[in-house]
Protein chains: 2
Amino acid sequence: MNLDHTLIALADPTRRAILQRLSRGEARVTELAAPFDISLNSVSKHIRILERAELVRRRVSGREHFLTFNPAPMESAVEWMERHRIFWTERLDALEAALRAEDAVAAAKEKSTHSSSRRSKK
Amino acid sequence: MNLDHTLIALADPTRRAILQRLSRGEARVTELAAPFDISLNSVSKHIRILERAELVRRRVSGREHFLTFNPAPMESAVEWMERHRIFWTERLDALEAALRAEDAVAAAKEKSTHSSSRRSKK
DNA sequence: GCATTATTAACCTAAATGGGTTAATATTGG
DNA sequence: CCAATATTAACCCATTTAGGTTAATAATGC
């Protein structure tokens with residue numbers, strides 16, 4: 001659950017394509033490599049980076065390595081982003097709430113204190 | 001709005017710390033650099049990477065450069081992740097919905113068709 | 001056992017990144 | 001104009017990454 005590893009792993013289009021493929025079901029390395037015209041070796045390296053991020057799990061059966069998608073680490077990433085979106089979604093929510101409130105009371109009354117009001121964070 | 005640039009920018013603890021600071025209000029480069037014991041130069045480079053990702057906006061006033069946080073690009077990143085979490089959050093939602101439904105009707109009745117039902121995606 | 005197939009390991013190279021140091025530029029205050 | 005300040009630009013260096021090619025390992029089918 002290392003956020004760095006997760007984001008580094010996601011910050012590459014090839015790896016995102018691999019995850020996209022895996023999100024529809026498990027696959028072997030050769031199957032994953034087929035759509036790309038890069039070497040099997042490169043795909044293997046990408047997979048290792050995805051494994052380091054725990055975004056991909058490996059199940060070995062004989063000589064075949066089946067890979068599955070594990071979205072859990074993305075939870076942390078989304079959580080981080082959501083946490084830092086708060087300050088503006090909160091403002092949007094507050095704005096929306098204010099608009100609704102103004103709908104009920106007189107809008108003109110609010111106008112004078114509108115630009116000077118400074119919402120303090122809880 | 002380049003997903004690569006966004007994720008690359010986020011995949012570094014120093015840059016995330018900078019964003020965290022900026023999410024509480026604008027700051028100049030020297031202010032941002034203060035908490036870290038790396039050179040101003042390095043901070044400047046990190047900021048350039050954040051600017052490339054459009055996660056940070058710059059407003060120049062005289063010799064001072066004020067930086068502000070722009071969370072918009074994270075929307076795309078979150079969207080991508082949410083899209084690939086669907087296959088499992090959907091299952092959780094479906095499970096929850098099923099539990100609520102079973103609460104209303106007889107749970108025993110549902111039981112026979114429960115394991116064979118295969119929800120098709122819209 | 002042996003050839004075939006699936007996958008990784010071991011190297012190599014080019015490019016990008018993160019850090020540093022030392023100019024260079026631009027603006028402000030006297 | 002001049003000194004001080006804020007910021008970037010230009011280099012240098014070590015590390016990482018993405019890609020390649022060519023072994024090496026491991027399992028299967030005969």
# chains A, B, ... in the order shown; residues from 1 in each chain; ligands from 1

$ interface_residues --of "chain B" --to "chain C" --cutoff "10 Å" --atoms "only C-alpha atoms (C1' of nucleotides)" --output "VMD selection string"
chain B and resid 38 to 39 41 to 42 45 to 46 61 to 64

$ write_last_selection --atoms "N, CA and C atoms" --output "short mmCIF file (atom, residue, chain, number, x, y, z; two decimals), in the first residue's frame"
data_model
loop_
_atom_site.label_atom_id
_atom_site.label_comp_id
_atom_site.auth_asym_id
_atom_site.auth_seq_id
_atom_site.Cartn_x
_atom_site.Cartn_y
_atom_site.Cartn_z
N ILE B 38 15.59 20.87 0.83
CA ILE B 38 16.20 20.78 -0.49
C ILE B 38 16.30 22.21 -1.03
N SER B 39 17.09 22.38 -2.06
CA SER B 39 17.34 23.73 -2.55
C SER B 39 16.11 24.36 -3.18
N ASN B 41 16.07 25.65 -5.94
CA ASN B 41 16.11 25.19 -7.31
C ASN B 41 15.28 23.91 -7.52
N SER B 42 15.49 22.96 -6.63
CA SER B 42 14.74 21.70 -6.74
C SER B 42 13.24 21.96 -6.62
N LYS B 45 11.89 23.21 -9.73
CA LYS B 45 11.69 22.16 -10.73
C LYS B 45 10.42 21.35 -10.46
N HIS B 46 10.20 21.03 -9.18
CA HIS B 46 8.98 20.30 -8.84
C HIS B 46 7.76 21.11 -9.25
N SER B 61 3.26 38.68 -9.79
CA SER B 61 2.98 40.04 -9.38
C SER B 61 4.31 40.67 -8.98
N GLY B 62 4.84 41.50 -9.86
CA GLY B 62 6.16 42.06 -9.61
C GLY B 62 7.18 40.95 -9.62
N ARG B 63 8.00 40.89 -8.62
CA ARG B 63 9.01 39.81 -8.59
C ARG B 63 8.50 38.59 -7.85
N GLU B 64 7.28 38.66 -7.38
CA GLU B 64 6.74 37.52 -6.63
C GLU B 64 5.84 36.64 -7.51
#

$ interface_residues --of "chain B" --to "chain A" --cutoff "8 Å" --atoms "only C-alpha atoms" --output "list in words"
Leu3, Asp4, His5, Thr6, Leu7, Ile8, Leu10, Ala11, Asp12, Pro13, Gln20, Ser23, Arg24, Pro71, Met74, Val78, Met81, His84, Arg85 and Phe87 of chain B

$ closest_atom_pairs --of "chain D" --to "chain B" --cutoff "10 Å" --atoms "only C-alpha atoms (C1' of nucleotides)" --output "JSON lines"
{"residue": "D:DT5", "atom": "C1'", "partner": "B:Arg63", "partner_atom": "CA", "distance": 8.8}
{"residue": "D:DA6", "atom": "C1'", "partner": "B:Arg63", "partner_atom": "CA", "distance": 5.9}
{"residue": "D:DT7", "atom": "C1'", "partner": "B:Arg63", "partner_atom": "CA", "distance": 7.6}
{"residue": "D:DT8", "atom": "C1'", "partner": "B:Ser44", "partner_atom": "CA", "distance": 8.0}
{"residue": "D:DA9", "atom": "C1'", "partner": "B:Asn41", "partner_atom": "CA", "distance": 10.0}

$ write_last_selection --atoms "N, CA and C atoms (P, O5', C5', C4', C3', O3' and C1' of nucleotides)" --output "mmCIF file, in the first residue's frame"
data_model
loop_
_atom_site.group_PDB
_atom_site.id
_atom_site.type_symbol
_atom_site.label_atom_id
_atom_site.label_comp_id
_atom_site.auth_asym_id
_atom_site.auth_seq_id
_atom_site.Cartn_x
_atom_site.Cartn_y
_atom_site.Cartn_z
ATOM 1 P P DT D 5 18.431 41.057 1.460
ATOM 2 O "O5'" DT D 5 17.248 40.533 0.527
ATOM 3 C "C5'" DT D 5 16.090 41.346 0.356
ATOM 4 C "C4'" DT D 5 15.256 40.795 -0.788
ATOM 5 C "C3'" DT D 5 15.075 39.272 -0.745
ATOM 6 O "O3'" DT D 5 13.691 38.995 -0.756
ATOM 7 C "C1'" DT D 5 15.696 40.003 -2.906
ATOM 8 P P DA D 6 13.133 37.478 -0.697
ATOM 9 O "O5'" DA D 6 12.763 37.217 -2.224
ATOM 10 C "C5'" DA D 6 11.794 38.045 -2.860
ATOM 11 C "C4'" DA D 6 11.398 37.413 -4.187
ATOM 12 C "C3'" DA D 6 11.191 35.902 -4.116
ATOM 13 O "O3'" DA D 6 10.050 35.577 -4.890
ATOM 14 C "C1'" DA D 6 12.912 36.430 -5.676
ATOM 15 P P DT D 7 9.536 34.066 -4.901
ATOM 16 O "O5'" DT D 7 10.225 33.516 -6.218
ATOM 17 C "C5'" DT D 7 9.925 34.158 -7.461
ATOM 18 C "C4'" DT D 7 10.891 33.741 -8.524
ATOM 19 C "C3'" DT D 7 11.012 32.240 -8.762
ATOM 20 O "O3'" DT D 7 10.204 31.881 -9.863
ATOM 21 C "C1'" DT D 7 13.065 33.428 -9.051
ATOM 22 P P DT D 8 10.270 30.371 -10.443
ATOM 23 O "O5'" DT D 8 11.393 30.457 -11.578
ATOM 24 C "C5'" DT D 8 11.286 31.453 -12.574
ATOM 25 C "C4'" DT D 8 12.563 31.515 -13.381
ATOM 26 C "C3'" DT D 8 12.883 30.240 -14.164
ATOM 27 O "O3'" DT D 8 13.082 30.609 -15.511
ATOM 28 C "C1'" DT D 8 14.772 30.974 -12.949
ATOM 29 P P DA D 9 13.282 29.421 -16.604
ATOM 30 O "O5'" DA D 9 14.861 29.461 -16.869
ATOM 31 C "C5'" DA D 9 15.500 30.710 -17.054
ATOM 32 C "C4'" DA D 9 16.959 30.486 -17.411
ATOM 33 C "C3'" DA D 9 17.253 29.217 -18.204
ATOM 34 O "O3'" DA D 9 18.304 29.519 -19.119
ATOM 35 C "C1'" DA D 9 18.425 29.125 -16.170
#

$ decode --residues "chain D" --atoms "C-alpha atoms (C1' of nucleotides)" --output "PDB file, in the first residue's frame"
ATOM      1  C1'  DC D   1      22.070  54.041 -10.261  1.00  0.00           C
ATOM      2  C1'  DC D   2      22.900  50.479  -6.702  1.00  0.00           C
ATOM      3  C1'  DA D   3      22.209  46.854  -3.353  1.00  0.00           C
ATOM      4  C1'  DA D   4      19.170  43.404  -1.992  1.00  0.00           C
ATOM      5  C1'  DT D   5      15.696  40.003  -2.906  1.00  0.00           C
ATOM      6  C1'  DA D   6      12.912  36.430  -5.676  1.00  0.00           C
ATOM      7  C1'  DT D   7      13.065  33.428  -9.051  1.00  0.00           C
ATOM      8  C1'  DT D   8      14.772  30.974 -12.949  1.00  0.00           C
ATOM      9  C1'  DA D   9      18.425  29.125 -16.170  1.00  0.00           C
ATOM     10  C1'  DA D  10      22.517  26.418 -17.177  1.00  0.00           C
ATOM     11  C1'  DC D  11      25.299  23.191 -16.104  1.00  0.00           C
ATOM     12  C1'  DC D  12      26.894  18.653 -13.682  1.00  0.00           C
ATOM     13  C1'  DC D  13      26.128  14.047 -11.625  1.00  0.00           C
ATOM     14  C1'  DA D  14      23.822   9.770  -9.867  1.00  0.00           C
ATOM     15  C1'  DT D  15      19.754   7.003 -10.218  1.00  0.00           C
ATOM     16  C1'  DT D  16      15.716   5.202 -12.438  1.00  0.00           C
ATOM     17  C1'  DT D  17      13.060   3.885 -16.305  1.00  0.00           C
ATOM     18  C1'  DA D  18      11.691   2.040 -20.774  1.00  0.00           C
ATOM     19  C1'  DG D  19      13.028  -0.285 -24.295  1.00  0.00           C
ATOM     20  C1'  DG D  20      15.925  -3.779 -26.651  1.00  0.00           C
ATOM     21  C1'  DT D  21      18.642  -8.454 -27.329  1.00  0.00           C
ATOM     22  C1'  DT D  22      20.190 -12.633 -25.808  1.00  0.00           C
ATOM     23  C1'  DA D  23      20.615 -16.292 -22.298  1.00  0.00           C
ATOM     24  C1'  DA D  24      18.611 -19.127 -18.659  1.00  0.00           C
ATOM     25  C1'  DT D  25      14.931 -21.557 -16.133  1.00  0.00           C
ATOM     26  C1'  DA D  26      10.716 -24.280 -15.754  1.00  0.00           C
ATOM     27  C1'  DA D  27       6.983 -27.010 -17.290  1.00  0.00           C
ATOM     28  C1'  DT D  28       4.688 -29.637 -21.004  1.00  0.00           C
ATOM     29  C1'  DG D  29       4.065 -33.255 -24.726  1.00  0.00           C
ATOM     30  C1'  DC D  30       5.968 -36.742 -27.072  1.00  0.00           C
TER      31       DC D  30
END
